[in-house]
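A.B. asks: This structure is in structure tokens; I'll ask about it shortly.
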Amino acid sequence: MQGFKKLFTVLSISTFIALSVLILGPPLAAQEPTNQELLERIEALEEELQYFRDILEANTEKATEARERAVAAEAKAEEATRTAESAAASRTARPLSDTKWHLAGYADAGAMFRTNGGDDTFAFGHFNPVFHFQYKDIVMFEGELEFEIDEDGKTEVALEYATLNFLVHDNVSIVVGKFLSPIGQFQERLHPTWINKIGYAPAGFGHDGAQPSSEIGVQVRGGISIGKRSMVNYAVMVGNGPRMGHEGGLELEGFGRDDNQNKAFGGRIGFLPVPYFEIGGSYMKAAVNGLEGTGALMPTTGKVKIWGADAAYTRGPWDFRFEYLNTVRGALNSAEEEGGEVEALDRLVLKAWYVQLAYRLSEITSSPFLRRLEPVVRYGKFNISGNHHLEEENAQTRLNIGLNYWIAPSLVARIGYEQRKFLVEGIKEKLILLQAAYGF
Amino acid sequence: MKLLKNLVLASAFSGLIMGSGLVLAGDPADPSRPDPAQIARGAKAWADQCGRCHNMRAPAELNDEDWYVSVTHMRVRGNIPGDMIRDIQAFLMASNKKE
């Protein structure tokens, strides 16, 4: 760069002197040129001068470009240094021990106001600690307790699940113990109140519903990637199976002992063509013994069959869910309560479904407050046939409209409106629900 | 007898899947030496998988051990393949340090 400047300066001075000499007065000794020759020389010198100017200009541009590159390289070097320092810090971090543990879970509390009569009430919903203990990548124990307070103030404790999970292969885990039922998607994946967009179960997906809540037995499950984006997941289980419940209903949960020789067998398979869309199908078969009682009839065994389908679309701010379950208990002889009179009970059919749509406003506004809002709507129906009492008590449509305010990714405050329309008597029950839920 | 039949069916199914090579998964890659490519894969898998059921929690919410165990829990609950889980663990454990 300096060389070119010097060259330019020397040439400029030389040109100036040459031009001055040529114009003001040539040496006496020189042969006098004609005007035409002088003009030609001047033009030649001007061309030469322009040539060097062009060279200088081009080199100035190159120099600017080189300087910019140097600045960029310096920034990259600084970034690389930071990354190296970070990696070095990681290397010096305390290595994880073979046995690791983590306390997780969720809790919620809220209030319920009835708009058409009945008591308004505050409610402490749940405190569900979940314990995770892991030994290397070989086995994990996980157990969830549920603490609730009933209407009379008593604390109720239940073991939601407790399993040993053997991580036998990247695509296979073997689960033994009491596990959440893999039938359908709500119970296993969505029921914790900080995950459930509405905070309460859809009609037919809670207690006395069509969906099994848990099972005690063995489960083989896992996921398999297909190509870059698709995946199949599966869960196959064998368990003790359900039992007869009160008033001819079913207790679809894990019992500590099998009371017949018919194990429950079932599972679910899901397919994700892309990570944000999943369709799944579930099936389970089992049998229940009729309850012992009085009268001329002897209890018999009835078959139980469940099938269902579910779908989920969870792209960006959208969260759409659909689920359908069809649960059938065959006709059998049973008392409606233990020790009651044994009767011939009709075939019982429970059908439950819901659709749910939630949308997080974060994509359409930059307001810090509005971005945290998530409107949600859910509509579902629980149909019961074959048992008038259960139908009268539980068959209903249920509409929920809610608004979630996400204080943090796992901390939500919500308000919702719920309308239950009981199908037999046509009674409508309207509720305003307030809830705060925290997943930890 | 039916129990036996069911267990045989379940075993056959799992055997079919494990046919590609039944091995104990063993220790994952040394988390103290993060591989940039693995971290990049993990970031994508984290975004793809976690949001399927719930909001994604920020990496800084948990420390290395908590993330490691929590993500293993999701391997079972969410039916996520083990190799993808190791990528997610690597990403979260490389991203949870507060400046």
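Scheme for the structure tokens: letters A, B, ... for chains in order shown; per-chain residue numbers from 1; ligand numbers from 1 in order shown.
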Could the residues of chain A that have an atom at most 6 Å from chain B be listed as a Markdown table, each with its closest atom pair and the distance in Å to one decimal, counting only C-alpha atoms and ordered by chain and ascending residue number?

C.D. replies:
```
| residue | atom | partner | partner_atom | distance |
| --- | --- | --- | --- | --- |
| A:Ser90 | CA | B:Ser32 | CA | 5.3 |
| A:Arg91 | CA | B:Ser32 | CA | 4.7 |
| A:His102 | CA | B:Asp66 | CA | 5.3 |
| A:Asp137 | CA | B:Gly26 | CA | 5.4 |
| A:Val168 | CA | B:Leu24 | CA | 5.0 |
| A:His169 | CA | B:Ala25 | CA | 5.6 |
| A:Asp170 | CA | B:Gly82 | CA | 4.0 |
| A:Asn171 | CA | B:Pro81 | CA | 5.2 |
| A:Ile195 | CA | B:His54 | CA | 5.5 |
| A:Gly222 | CA | B:Asn79 | CA | 4.4 |
| A:Gly223 | CA | B:Asn79 | CA | 4.7 |
| A:Ile224 | CA | B:Pro81 | CA | 5.9 |
| A:Asn233 | CA | B:Asn79 | CA | 5.8 |
| A:Pro275 | CA | B:Asp48 | CA | 5.7 |
| A:Thr314 | CA | B:Arg52 | CA | 5.8 |
| A:Pro409 | CA | B:Arg57 | CA | 5.5 |
```

A.B. asks: Can you tell me, as an NGL selection string, what residues are no more than 10 Å from Gly416 of chain A when counting only C-alpha atoms, ignoring any on the same chain fewer than 3 positions away?

C.D. replies: :A and (112 or 198-199 or 375-377 or 400-404 or 431-435)

A.B. asks: Please produce an output containing C-alpha atoms for each residue in the selection, written as a PDB file, in the first residue's frame.

C.D. replies:
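File written: part-v4.pdb
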```
ATOM      1  CA  MET A 112     -64.612 -24.098  41.336  1.00  0.00           C
ATOM      2  CA  ILE A 198     -57.744 -27.700  30.473  1.00  0.00           C
ATOM      3  CA  GLY A 199     -56.532 -28.942  33.846  1.00  0.00           C
ATOM      4  CA  PRO A 375     -56.816 -19.957  24.526  1.00  0.00           C
ATOM      5  CA  VAL A 376     -58.078 -23.528  24.470  1.00  0.00           C
ATOM      6  CA  VAL A 377     -61.348 -25.246  23.646  1.00  0.00           C
ATOM      7  CA  ASN A 400     -64.599 -26.519  27.993  1.00  0.00           C
ATOM      8  CA  ILE A 401     -63.403 -23.071  27.044  1.00  0.00           C
ATOM      9  CA  GLY A 402     -60.302 -21.891  28.809  1.00  0.00           C
ATOM     10  CA  LEU A 403     -57.475 -19.412  28.860  1.00  0.00           C
ATOM     11  CA  ASN A 404     -54.003 -20.338  30.052  1.00  0.00           C
ATOM     12  CA  LEU A 431     -68.778 -24.317  36.186  1.00  0.00           C
ATOM     13  CA  ILE A 432     -66.118 -21.641  36.327  1.00  0.00           C
ATOM     14  CA  LEU A 433     -62.746 -23.212  37.056  1.00  0.00           C
ATOM     15  CA  LEU A 434     -59.641 -21.451  38.344  1.00  0.00           C
ATOM     16  CA  GLN A 435     -56.388 -23.308  38.685  1.00  0.00           C
TER      17      GLN A 435
END
```

A.B. asks: Excluding Ile39 of chain B and any residue of its chain fewer than 5 positions from it, enumerate the residues within 7 Å of it, using only C-alpha atoms, and give them as number ranges by chain.

C.D. replies: B: 87, 90-91

A.B. asks: Give me, please, the distance in Å between atom CA of Arg329 of chain A and atom CA of Ala287 of chain A, quoted to one decimal.

C.D. replies: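 These two atoms are separated by 8.1 Å.
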
A.B. asks: So that I can check the surroundings of Arg371 of chain A, please list as a PyMOL selection string every protein, DNA and RNA residue that reaches within 9 Å of it, counting only C-alpha atoms and ignoring chain neighbours fewer than 4 positions away.

C.D. replies: chain A and resi 360-367+405-406
